[in-house]
Each structure stands twice: as structure tokens, then as C-alpha cells.
Amino acid sequence: MTTSSGRSAAIIGAGQTGVSAALGLLDKGFDVTVYSNLDQQQLRDGIPASGTALILGAAQRAEESLGLNTYLATAPLSTGESVRVVDAGAEAIAFDGWFDGFRGIAVDTRLKTDDRLTLFQQRGGRFVVQPVDPEGLDTIAAKADLTLVATGRGGLSSLFPVNPARTAYDKPQRSLLAFTVTGLPHGPEVFAHRSTAGGAHNALTVVADQGEVFWGPYLHKDAGPTWAFLGWARPGSDWERRFATVTSAESALTVATDLHRDYIDWDLPEVTELRVIDEDPHSWLTGAVTQLVRSGVGHTAGGHPVAALGDTAVAFDPIAGQGAQGGLIQAAALVHRAGAHDGPFDTAWLTAAFEEFYDHRARAAQQVTRLFLADPELAAYGSLFFAAASGSSRFASKLLGLLDDPRPFESVTSEATAKQLIADFAGEPTDELLARFVPAGRFQRSGLALSAV
Ligand SMILES: Cc1cc2nc3c(=O)[nH]c(=O)nc-3n(C[C@H](O)[C@H](O)[C@H](O)COP(=O)(O)OP(=O)(O)OC[C@H]3O[C@@H](n4cnc5c(N)ncnc54)[C@H](O)[C@@H]3O)c2cc1C
């Protein structure tokens with residue numbers, strides 16, 4: 001049961017962060033209006049998903065805490081991740097880690113948005129199709145008790161200045177290619193050469209001078225259980241040149257298939273099974289993200305404080321899957337805090353809410369993303385982590401746990417503290433663990449032959 005608190009909230013942007021917060025605030029008794037530049041049909045069928053949006057334990061609990069559907073019953077789940085690293089042309093590192101205490105789930109952001117928007121309106125929320133500019137935001141914020149800006153990385157984000165002390169990069173570290181495809185099951189027979197879990201483990205491959213490739217189970221809005229591909233290309237690489245040629249779902253799959261033939265042939269039989277999703281011309285995207293942290297609170301021309309939510313506040317390169325997770329965690333915390341608050345949602349209140357999110361999640365999530373990006377500033381110790389994971393399944397599991405809860409990585413600022421965390425995670429001395437490291441030599445190749453059956 002919801003009771004009216006007599007308070008109003010305005011949310012600009014109907015991505016998954018905005019609509020999740022909107023439903024939550026509605027349940028807390030707020031009178032909520034969502035403003036969107038696109039109508040519901042366009043949000044579902046007229047745009048690509050804003051990312052793969054694989055989410056793990058804490059982000060799923062955040063959704064549950066708002067009473068939202070997590071799709072755990074309908075989506076193909078992942079229970080771990082197999083990692084392979086090619087370094088200087090050599091097949092160097094291979095490990096297969098299991099998620100400890102959570103499962104991964106990647107649901108089409110357009111499906112989540114559509115479902116949640118429908119529920120929001122059924123429960124009495126107001127949905128207004130209107131692109132909001134800074135002037136319009138001033139008018140909206142003057143009337144609402146609480147105004148949240150969730151317009152993604154573009155939109156109204158420039159209202160929130162970048163915080164240079166919290167931001168490591170001034171440009172994207174990778175070019176991205178993402179798409180969704182069908183035709184491959186999720187059973188133990190696929191990717192069996194990488195993991196006994198087969199298709200229940202995400203597959204990440206790092207080719208040191210080119211970039212990274214990820215395959216993972218996905219719930220597509222039309223085609224249901226499918227596969228998501230994510231590719232990262234380093235600046236100036238052959239992969240970057242290939243990604244730049246993609247103009248359609250078909251060409252995305254062709255580029256990825258050729259890339260596997262030339263660089264990652266051990267997974268090629270899986271990739272050749274895949275087909276584009278005919279009913280969705282927007283099943284692909286290319287682009288790049290500058291990872292950054294903005295000020296969590298901005299002010300309109302009339303001086304009204306407004307809060308940034310999701311990608312508008314903090315943007316991540318997707319290599320460690322932190323963007324959607326962070327947005328949902330931030331939205332849930334803000335909704336619960338607002339529900340328990342009696343006073344005005346002034347600058348001090350909004351700032352405190354953002355700082356808590358930054359302290360408890362975003363700062364560590366930015367650092368873990370830098371680790372997975374092989375940031376040169378972390379190079380002295382960053383490379384130890386994958387080597388250690390190949391020698392200890394316990395450590396591999398804990399390393400993947402940083403994608404769910406990145407906070408333990410905050411203790412790592414030097415080679416000595418990196419080795420301390422490795423020892424803590426592995427439950428044995430780091431040097432002994434690293435001494436066991438032997439290069440993979442030659443990765444096992446896929447023996448998949450589905451089409452032949
Ligand atoms: C390739 C890729 C892969 C990713 N993979 C992962 C992953 O595996 N795990 C993970 O956690 N994260 C991942 N992310 C990040 C994740 O997808 C995003 O963090 C998340 O989807 C952002 O949601 P959002 O609601 O904050 O923003 P958006 O989804 O961008 O929503 C913003 C909405 O605001 C609307 N809007 C914009 N301007 C206006 C305006 N002026 N007025 C009204 N409305 C406006 C837009 O139309 C849009 O609907 C990935 C990102 C990318 C690019």
C-alpha cells in the first residue's frame with residue numbers, strides 16, 4: 001500500500017535508472033512525473049539498448065529493495081566468467097572463475113524501461129513526452145520538491161561539472177562495439193572448451209595490443225534468451241579500424257566473426273552459429289565512453305538544486321560492467337533516503353546523498369574499471385591479478401567478486417598492497433601463488449558442432 005506523502009518528484013529521462021527511481025518514489029508516496037524526449041514506443045523499439053547492462057548481486061538487491069522485477073525467472077543467467085589473455089602474440093593466461101554468492105543477469109534496458117514505465121503509469125505516475133532543456137528544467141524544478149536528472153551521458157549532463165579530482169581520463173580509453181544475436185543455446189555444450197559451466201559462464205578474451213571481447217547470456221526484448229557481444233578496441237588498433245566499418249546488425253556480426261577468425265579462433269565455432277535478430281534493427285551500437293565523475297548536484301538558472309542520477313552523474317567504460325549497476329544502486333539508495341526524510345530536498349541533502357553513493361560505490365567502481373582497462377598507472381601491479389587468478393580458483397572467484405562489490409580494491413595503491421589483497425583473497429602467500437604461474441601455452445579450441453548435428 002502506498003500513502004500520499006504530499007510531496008512531488010520530477011525525473012528527467014526515462015532510461016532504466018530514471019524509471020526505476022520513479023517507481024520507487026511512487027511507492028514511497030511521492031507524486032511523480034517522468035519527462036522523456038522519447039515516447040514509450042520509441043524507447044522500446046526506436047533506439048538501441050543503452051548498454052549490455054549485466055548486473056550482479058548488489059545491483060539485483062537494489063532492484064529487489066524497490067520491489068522491481070529482476071527477471072531472474074526468465075533470463076539466462078551467468079554463474080561465472082572464463083578469461084583468456086593473449087600477450088605479445090602468446091596464449092598467456094587462462095582461468096575460469098565462479099561467481100560467489102550471486103549470479104549475473106543481463107536484461108535489455110529497453111525491456112526494463114518499457115515494463116517499468118507501464119507499471120509506473122498503471123500505479124498513477126505521470127509520463128510526459130517532452131525534451132527538457134535547461135530552461136524547462138528550471139520551471140520543473142521550481143515546482144517539484146525533488147528533481148532528478150537521469151538523461152544519460154549526453155542530455156542535461158553538462159549542468160553537472162566534471163570533478164577533475166575524481167576523474168582519471170579526459171578521453172575514451174577504447175572504441176566500443178556491442179550487439180545482440182541469437183542462434184546459440186546456453187547449455188554446457190557451448191564454450192565447453194573454456195569452462196565446465198559452458199554457456200553459463202561469460203567469456204572474456206583480452207588481446208593485449210588490440211582490445212577485449214566479451215560474450216554473455218542476454219535477455220533480448222523480442223527474441224528472449226540470446227547472446228550479447230561487447231568489443232573494446234584500443235586507439236589505433238586493427239580492431240578499432242574494423243569496428244569503424246560497422247553500419248548494421250549484419251555488418252556487426254560479420255566484423256566480430258572475422259575478428260574471431262583472425263585473432264580468437266578457439267571460440268570461432270560458437271560465433272559461426274550466431275544470427276542477427278531480424279525483428280530488431282537496433283540490436284547493435286558503436287561508440288565510446290569517457291569515464292568520469294561529475295558533481296552530483298547542479299543548479300538551474302533560478303537556483304533550484306537538482307540531482308544527477310545514473311550515467312548523468314558517473315560514467316564508466318563498460319569493461320567492468322559498472323554503469324547500470326551503479327545507477328540502480330544509486331537510485332535505490334536515493335529513493336530509500338528520500339522516503340525516510342522529512343525536510344526539504346535542498347543542496348545539502350542532495351549533496352549528502354551523492355557523497356554517500358560516491359564513498360560506498362562509485363569511487364571503488366571507477367578504480368576496478370581502471371584495473372580491467374589495464375590502466376598504465378596501475379601497470380606495476382595490475383598484471384599480477386590475472387596471473388594469480390590462473391593459479392587459484394578461490395582467488396579467481398574473489399577477483400570476479402570485485403565486479404559486484406568493488407570496495408576491497410580500494411586498499412590497492414601499490415605493488416605491496418596489491419600483493420596483500422591477493423594473499424587475503426587467495427588465502428595463501430602471494431609469492432607462492434605467483435610462483436605456480438605457467439603460461440597457458442595453447443588454449444583449448446572449441447569442438448562445438450551444433451550445425452552438423
Ligand atoms: C556498450 C556498453 C555496454 C555496457 N555494459 C554494461 C554492463 O555490462 N553492466 C553495467 O552495469 N553497465 C553497462 N553499461 C552501462 C549501462 O548501459 C548504462 O550505465 C545505463 O544503461 C545507463 O542508464 P541511464 O538510465 O542512466 O541512462 P540512459 O539509458 O542513457 O537513459 C537516459 C534517458 O534520458 C533520455 N533523455 C536524454 N536527454 C533528455 C532530455 N533533454 N529530456 C528528456 N529526456 C532525455 C534519453 O532518451 C534516455 O531515454 C554499458 C554501456 C555501454 C555503452
# chains A, B, ... in the order shown; residues from 1 in each chain; ligands from 1
$ residues_around --residues "Gly447 (chain A)" --least-positions-apart "5" --cutoff "10 Å" --atoms "only C-alpha atoms" --output "count of residues only"
10
$ select_by_dssp --residues "region 73-275 of chain A" --states "strand (DSSP E or B)" --output "ChimeraX atom specification"
/A:78,80-87,90-98,104-107,126-129,146-149,162,175-182,201-207,211-220,224-233,275
$ residues_near_ligand --ligand "ligand 1" --cutoff "6 Å" --atoms "only C-alpha atoms and all ligand atoms" --output "MDAnalysis selection string"
chainID A and resid 12:18 35:38 50:55 131:133 150:152 155:156 178 310:311 318 321:325 327
$ write_last_selection --atoms "N, CA, C and O atoms" --output "short mmCIF file (atom, residue, chain, number, x, y, z; two decimals), in the first residue's frame"
data_model
loop_
_atom_site.label_atom_id
_atom_site.label_comp_id
_atom_site.auth_asym_id
_atom_site.auth_seq_id
_atom_site.Cartn_x
_atom_site.Cartn_y
_atom_site.Cartn_z
N ILE A 12 13.82 13.54 -14.96
CA ILE A 12 14.03 13.82 -16.38
C ILE A 12 14.84 12.67 -16.96
O ILE A 12 15.95 12.39 -16.51
N GLY A 13 14.28 12.00 -17.97
CA GLY A 13 14.98 10.87 -18.60
C GLY A 13 14.36 9.56 -18.18
O GLY A 13 14.29 9.23 -17.00
N ALA A 14 13.88 8.80 -19.18
CA ALA A 14 13.22 7.51 -18.90
C ALA A 14 14.09 6.35 -19.35
O ALA A 14 13.63 5.42 -19.99
N GLY A 15 15.38 6.39 -19.00
CA GLY A 15 16.23 5.20 -19.13
C GLY A 15 15.96 4.30 -17.93
O GLY A 15 15.08 4.59 -17.11
N GLN A 16 16.73 3.21 -17.82
CA GLN A 16 16.41 2.28 -16.72
C GLN A 16 16.65 2.91 -15.34
O GLN A 16 15.94 2.59 -14.40
N THR A 17 17.59 3.84 -15.23
CA THR A 17 17.83 4.46 -13.92
C THR A 17 16.65 5.36 -13.55
O THR A 17 16.14 5.29 -12.43
N GLY A 18 16.24 6.20 -14.49
CA GLY A 18 15.14 7.13 -14.22
C GLY A 18 13.84 6.42 -13.88
O GLY A 18 13.17 6.75 -12.90
N TYR A 35 9.71 12.93 -17.26
CA TYR A 35 9.78 13.64 -18.53
C TYR A 35 10.75 12.90 -19.45
O TYR A 35 11.88 12.60 -19.04
N SER A 36 10.32 12.64 -20.67
CA SER A 36 11.17 11.88 -21.59
C SER A 36 11.16 12.53 -22.97
O SER A 36 10.10 12.97 -23.44
N ASN A 37 12.31 12.55 -23.64
CA ASN A 37 12.34 13.10 -25.00
C ASN A 37 11.75 12.12 -26.02
O ASN A 37 11.48 12.48 -27.15
N LEU A 38 11.58 10.86 -25.60
CA LEU A 38 11.01 9.85 -26.50
C LEU A 38 9.74 9.28 -25.88
O LEU A 38 9.63 9.18 -24.65
N SER A 50 20.89 0.91 -24.15
CA SER A 50 21.98 1.86 -23.87
C SER A 50 23.26 1.15 -23.44
O SER A 50 24.29 1.78 -23.26
N GLY A 51 23.21 -0.16 -23.26
CA GLY A 51 24.40 -0.93 -22.94
C GLY A 51 23.98 -2.36 -22.67
O GLY A 51 22.78 -2.67 -22.70
N THR A 52 24.96 -3.23 -22.43
CA THR A 52 24.63 -4.63 -22.15
C THR A 52 23.95 -4.77 -20.80
O THR A 52 23.05 -5.59 -20.61
N ALA A 53 24.42 -3.96 -19.85
CA ALA A 53 23.78 -3.86 -18.53
C ALA A 53 23.73 -5.19 -17.79
O ALA A 53 22.71 -5.55 -17.20
N LEU A 54 24.85 -5.92 -17.82
CA LEU A 54 24.99 -7.11 -16.96
C LEU A 54 25.05 -6.62 -15.52
O LEU A 54 25.87 -5.77 -15.19
N ILE A 55 24.18 -7.15 -14.67
CA ILE A 55 24.21 -6.72 -13.27
C ILE A 55 24.36 -7.93 -12.35
O ILE A 55 23.93 -9.04 -12.67
N PRO A 131 11.10 16.82 -24.52
CA PRO A 131 12.53 17.01 -24.28
C PRO A 131 12.72 18.20 -23.35
O PRO A 131 12.11 19.25 -23.57
N VAL A 132 13.50 18.01 -22.32
CA VAL A 132 13.66 19.08 -21.33
C VAL A 132 14.99 19.78 -21.57
O VAL A 132 16.04 19.13 -21.59
N ASP A 133 14.95 21.09 -21.76
CA ASP A 133 16.19 21.87 -21.88
C ASP A 133 16.44 22.58 -20.55
O ASP A 133 15.60 22.52 -19.64
N ALA A 150 18.21 12.23 -15.01
CA ALA A 150 18.73 10.91 -15.40
C ALA A 150 18.71 10.82 -16.92
O ALA A 150 18.10 9.92 -17.50
N THR A 151 19.36 11.79 -17.56
CA THR A 151 19.31 11.87 -19.03
C THR A 151 20.51 11.20 -19.69
O THR A 151 20.80 11.45 -20.86
N GLY A 152 21.22 10.37 -18.96
CA GLY A 152 22.33 9.64 -19.55
C GLY A 152 23.57 10.51 -19.69
O GLY A 152 23.69 11.56 -19.06
N GLY A 155 22.38 14.49 -22.95
CA GLY A 155 21.25 15.14 -22.28
C GLY A 155 21.68 16.37 -21.51
O GLY A 155 22.40 17.23 -22.01
N LEU A 156 21.23 16.43 -20.26
CA LEU A 156 21.47 17.61 -19.45
C LEU A 156 22.72 17.48 -18.57
O LEU A 156 22.89 18.23 -17.63
N ALA A 178 28.95 -3.10 -29.63
CA ALA A 178 28.08 -4.01 -28.86
C ALA A 178 26.94 -4.44 -29.75
O ALA A 178 26.43 -3.64 -30.55
N GLY A 310 22.53 8.09 -12.21
CA GLY A 310 22.97 7.16 -13.25
C GLY A 310 24.12 7.74 -14.06
O GLY A 310 25.00 8.42 -13.53
N ASP A 311 24.10 7.48 -15.37
CA ASP A 311 25.19 7.92 -16.25
C ASP A 311 25.38 9.44 -16.22
O ASP A 311 26.45 9.93 -16.55
N PRO A 318 32.57 0.41 -20.08
CA PRO A 318 31.82 -0.79 -19.65
C PRO A 318 32.66 -2.03 -19.38
O PRO A 318 32.10 -3.08 -19.07
N GLY A 321 31.62 -3.49 -16.26
CA GLY A 321 30.17 -3.55 -16.07
C GLY A 321 29.68 -2.77 -14.86
O GLY A 321 28.90 -3.28 -14.06
N GLN A 322 30.10 -1.52 -14.72
CA GLN A 322 29.75 -0.78 -13.51
C GLN A 322 28.63 0.26 -13.70
O GLN A 322 28.03 0.72 -12.72
N GLY A 323 28.33 0.65 -14.94
CA GLY A 323 27.40 1.77 -15.16
C GLY A 323 25.98 1.49 -14.73
O GLY A 323 25.42 2.19 -13.88
N ALA A 324 25.38 0.47 -15.30
CA ALA A 324 23.99 0.14 -14.96
C ALA A 324 23.91 -0.26 -13.49
O ALA A 324 22.97 0.13 -12.78
N GLN A 325 24.91 -1.01 -13.04
CA GLN A 325 24.90 -1.44 -11.64
C GLN A 325 24.91 -0.23 -10.70
O GLN A 325 24.11 -0.14 -9.77
N GLY A 327 24.07 2.87 -11.35
CA GLY A 327 22.84 3.66 -11.47
C GLY A 327 21.71 3.09 -10.63
O GLY A 327 20.98 3.82 -9.95
#
$ closest_atom_pairs --of "region 101-213 of chain A" --to "region 404-426 of chain A" --cutoff "12 Å" --atoms "only C-alpha atoms" --output "CSV"
residue,atom,partner,partner_atom,distance
A:Gly101,CA,A:Asp404,CA,10.1
A:Phe102,CA,A:Asp404,CA,8.5
A:Arg103,CA,A:Asp404,CA,9.8
A:Gly104,CA,A:Asp404,CA,9.3
A:Ile105,CA,A:Asp404,CA,11.8
$ residues_around --residues "region 244-261 of chain A" --least-positions-apart "4" --cutoff "10 Å" --atoms "only C-alpha atoms" --output "PyMOL selection string"
chain A and resi 175-181+213+229-231+238-240+265-272+274-278+280-287
$ write_last_selection --atoms "N, CA, C and O atoms" --output "short mmCIF file (atom, residue, chain, number, x, y, z; two decimals), in the first residue's frame"
data_model
loop_
_atom_site.label_atom_id
_atom_site.label_comp_id
_atom_site.auth_asym_id
_atom_site.auth_seq_id
_atom_site.Cartn_x
_atom_site.Cartn_y
_atom_site.Cartn_z
N SER A 175 37.37 2.18 -28.19
CA SER A 175 36.18 2.28 -29.05
C SER A 175 35.35 1.03 -28.79
O SER A 175 35.91 -0.05 -28.61
N LEU A 176 34.04 1.19 -28.82
CA LEU A 176 33.16 0.07 -28.44
C LEU A 176 32.32 -0.42 -29.61
O LEU A 176 31.91 0.36 -30.47
N LEU A 177 32.09 -1.72 -29.61
CA LEU A 177 31.09 -2.32 -30.48
C LEU A 177 30.27 -3.27 -29.63
O LEU A 177 30.84 -4.13 -28.93
N ALA A 178 28.95 -3.10 -29.63
CA ALA A 178 28.08 -4.01 -28.86
C ALA A 178 26.94 -4.44 -29.75
O ALA A 178 26.43 -3.64 -30.55
N PHE A 179 26.55 -5.71 -29.66
CA PHE A 179 25.36 -6.17 -30.39
C PHE A 179 24.81 -7.42 -29.73
O PHE A 179 25.47 -8.05 -28.88
N THR A 180 23.59 -7.76 -30.12
CA THR A 180 22.92 -8.93 -29.56
C THR A 180 22.55 -9.86 -30.70
O THR A 180 22.11 -9.40 -31.76
N VAL A 181 22.74 -11.15 -30.48
CA VAL A 181 22.48 -12.13 -31.54
C VAL A 181 21.82 -13.38 -30.97
O VAL A 181 21.82 -13.59 -29.76
N VAL A 213 37.20 -8.74 -25.80
CA VAL A 213 35.95 -9.24 -26.36
C VAL A 213 35.20 -9.99 -25.27
O VAL A 213 35.79 -10.76 -24.51
N PHE A 229 27.31 -9.52 -27.37
CA PHE A 229 28.73 -9.33 -27.69
C PHE A 229 29.12 -7.92 -27.29
O PHE A 229 28.38 -6.97 -27.53
N LEU A 230 30.29 -7.81 -26.70
CA LEU A 230 30.84 -6.49 -26.41
C LEU A 230 32.30 -6.52 -26.83
O LEU A 230 33.04 -7.44 -26.45
N GLY A 231 32.70 -5.54 -27.61
CA GLY A 231 34.10 -5.47 -28.03
C GLY A 231 34.68 -4.11 -27.67
O GLY A 231 34.00 -3.08 -27.79
N ASP A 238 44.05 -2.43 -35.03
CA ASP A 238 43.33 -3.04 -36.15
C ASP A 238 41.84 -3.22 -35.78
O ASP A 238 40.97 -2.99 -36.61
N TRP A 239 41.59 -3.60 -34.53
CA TRP A 239 40.18 -3.77 -34.11
C TRP A 239 39.42 -2.45 -34.22
O TRP A 239 38.27 -2.44 -34.63
N GLU A 240 40.06 -1.36 -33.87
CA GLU A 240 39.37 -0.07 -33.96
C GLU A 240 38.98 0.21 -35.40
O GLU A 240 37.86 0.67 -35.69
N ASP A 265 40.52 -17.68 -32.63
CA ASP A 265 39.91 -18.80 -33.37
C ASP A 265 39.39 -19.91 -32.45
O ASP A 265 38.54 -20.71 -32.87
N TRP A 266 39.84 -19.95 -31.18
CA TRP A 266 39.34 -21.01 -30.28
C TRP A 266 37.85 -20.88 -30.00
O TRP A 266 37.23 -21.86 -29.63
N ASP A 267 37.29 -19.68 -30.19
CA ASP A 267 35.84 -19.50 -29.97
C ASP A 267 35.05 -19.44 -31.28
O ASP A 267 33.82 -19.26 -31.26
N LEU A 268 35.72 -19.60 -32.42
CA LEU A 268 35.06 -19.37 -33.72
C LEU A 268 33.84 -20.27 -33.95
O LEU A 268 32.81 -19.80 -34.46
N PRO A 269 33.89 -21.57 -33.60
CA PRO A 269 32.71 -22.41 -33.86
C PRO A 269 31.45 -21.88 -33.17
O PRO A 269 30.35 -21.96 -33.75
N GLU A 270 31.57 -21.31 -31.97
CA GLU A 270 30.40 -20.73 -31.31
C GLU A 270 29.90 -19.52 -32.12
O GLU A 270 28.70 -19.36 -32.35
N VAL A 271 30.84 -18.70 -32.55
CA VAL A 271 30.46 -17.44 -33.21
C VAL A 271 29.78 -17.72 -34.56
O VAL A 271 28.84 -17.00 -34.95
N THR A 272 30.21 -18.75 -35.25
CA THR A 272 29.61 -19.02 -36.56
C THR A 272 28.18 -19.57 -36.45
O THR A 272 27.46 -19.65 -37.44
N LEU A 274 25.93 -18.00 -34.68
CA LEU A 274 25.08 -16.87 -34.31
C LEU A 274 24.42 -16.20 -35.51
O LEU A 274 24.99 -16.17 -36.60
N ARG A 275 23.21 -15.68 -35.28
CA ARG A 275 22.45 -14.99 -36.33
C ARG A 275 21.92 -13.67 -35.79
O ARG A 275 21.64 -13.56 -34.59
N VAL A 276 21.75 -12.70 -36.67
CA VAL A 276 21.19 -11.43 -36.22
C VAL A 276 19.72 -11.60 -35.86
O VAL A 276 19.05 -12.54 -36.30
N ILE A 277 19.21 -10.69 -35.02
CA ILE A 277 17.81 -10.73 -34.59
C ILE A 277 17.00 -9.90 -35.60
O ILE A 277 17.06 -8.67 -35.61
N ASP A 278 16.26 -10.61 -36.46
CA ASP A 278 15.60 -9.94 -37.58
C ASP A 278 14.62 -8.86 -37.14
O ASP A 278 14.48 -7.82 -37.78
N ASP A 280 14.73 -6.82 -34.76
CA ASP A 280 15.28 -5.64 -34.08
C ASP A 280 16.42 -5.01 -34.88
O ASP A 280 17.58 -5.38 -34.74
N PRO A 281 16.11 -3.99 -35.70
CA PRO A 281 17.18 -3.33 -36.47
C PRO A 281 18.13 -2.53 -35.57
O PRO A 281 19.19 -2.10 -36.01
N HIS A 282 17.74 -2.32 -34.29
CA HIS A 282 18.58 -1.54 -33.37
C HIS A 282 19.34 -2.43 -32.39
O HIS A 282 19.62 -2.03 -31.26
N SER A 283 19.67 -3.64 -32.81
CA SER A 283 20.31 -4.60 -31.89
C SER A 283 21.82 -4.39 -31.78
O SER A 283 22.53 -5.26 -31.30
N TRP A 284 22.32 -3.26 -32.23
CA TRP A 284 23.77 -3.02 -32.21
C TRP A 284 24.06 -1.55 -31.91
O TRP A 284 23.20 -0.69 -32.09
N LEU A 285 25.27 -1.29 -31.42
CA LEU A 285 25.72 0.09 -31.28
C LEU A 285 27.23 0.17 -31.32
O LEU A 285 27.93 -0.78 -30.97
N THR A 286 27.73 1.31 -31.77
CA THR A 286 29.16 1.61 -31.68
C THR A 286 29.30 2.92 -30.93
O THR A 286 28.34 3.70 -30.85
N GLY A 287 30.46 3.18 -30.38
CA GLY A 287 30.66 4.44 -29.67
C GLY A 287 31.86 4.36 -28.76
O GLY A 287 32.75 3.52 -28.97
#
$ residues_around --residues "Ile140 (chain A)" --least-positions-apart "2" --cutoff "12 Å" --atoms "only C-alpha atoms" --output "PyMOL selection string"
chain A and resi 8-12+32-35+128+130+132-138+142-149+300-302+304-306
$ residues_around --residues "region 61-76 of chain A" --least-positions-apart "2" --cutoff "6 Å" --atoms "only C-alpha atoms" --output "VMD selection string"
chain A and resid 24 58 to 59 217 219 225 329 332
$ closest_residue --among "A:Gln121, A:Gln291, A:Thr79, A:Thr109" --to "His201 (chain A)" --atoms "only C-alpha atoms"
A:Thr79
$ residues_around --residues "Ile93 (chain A)" --least-positions-apart "6" --cutoff "8 Å" --atoms "only C-alpha atoms" --output "VMD selection string"
chain A and resid 83 to 86 386 to 387 390 439 to 440
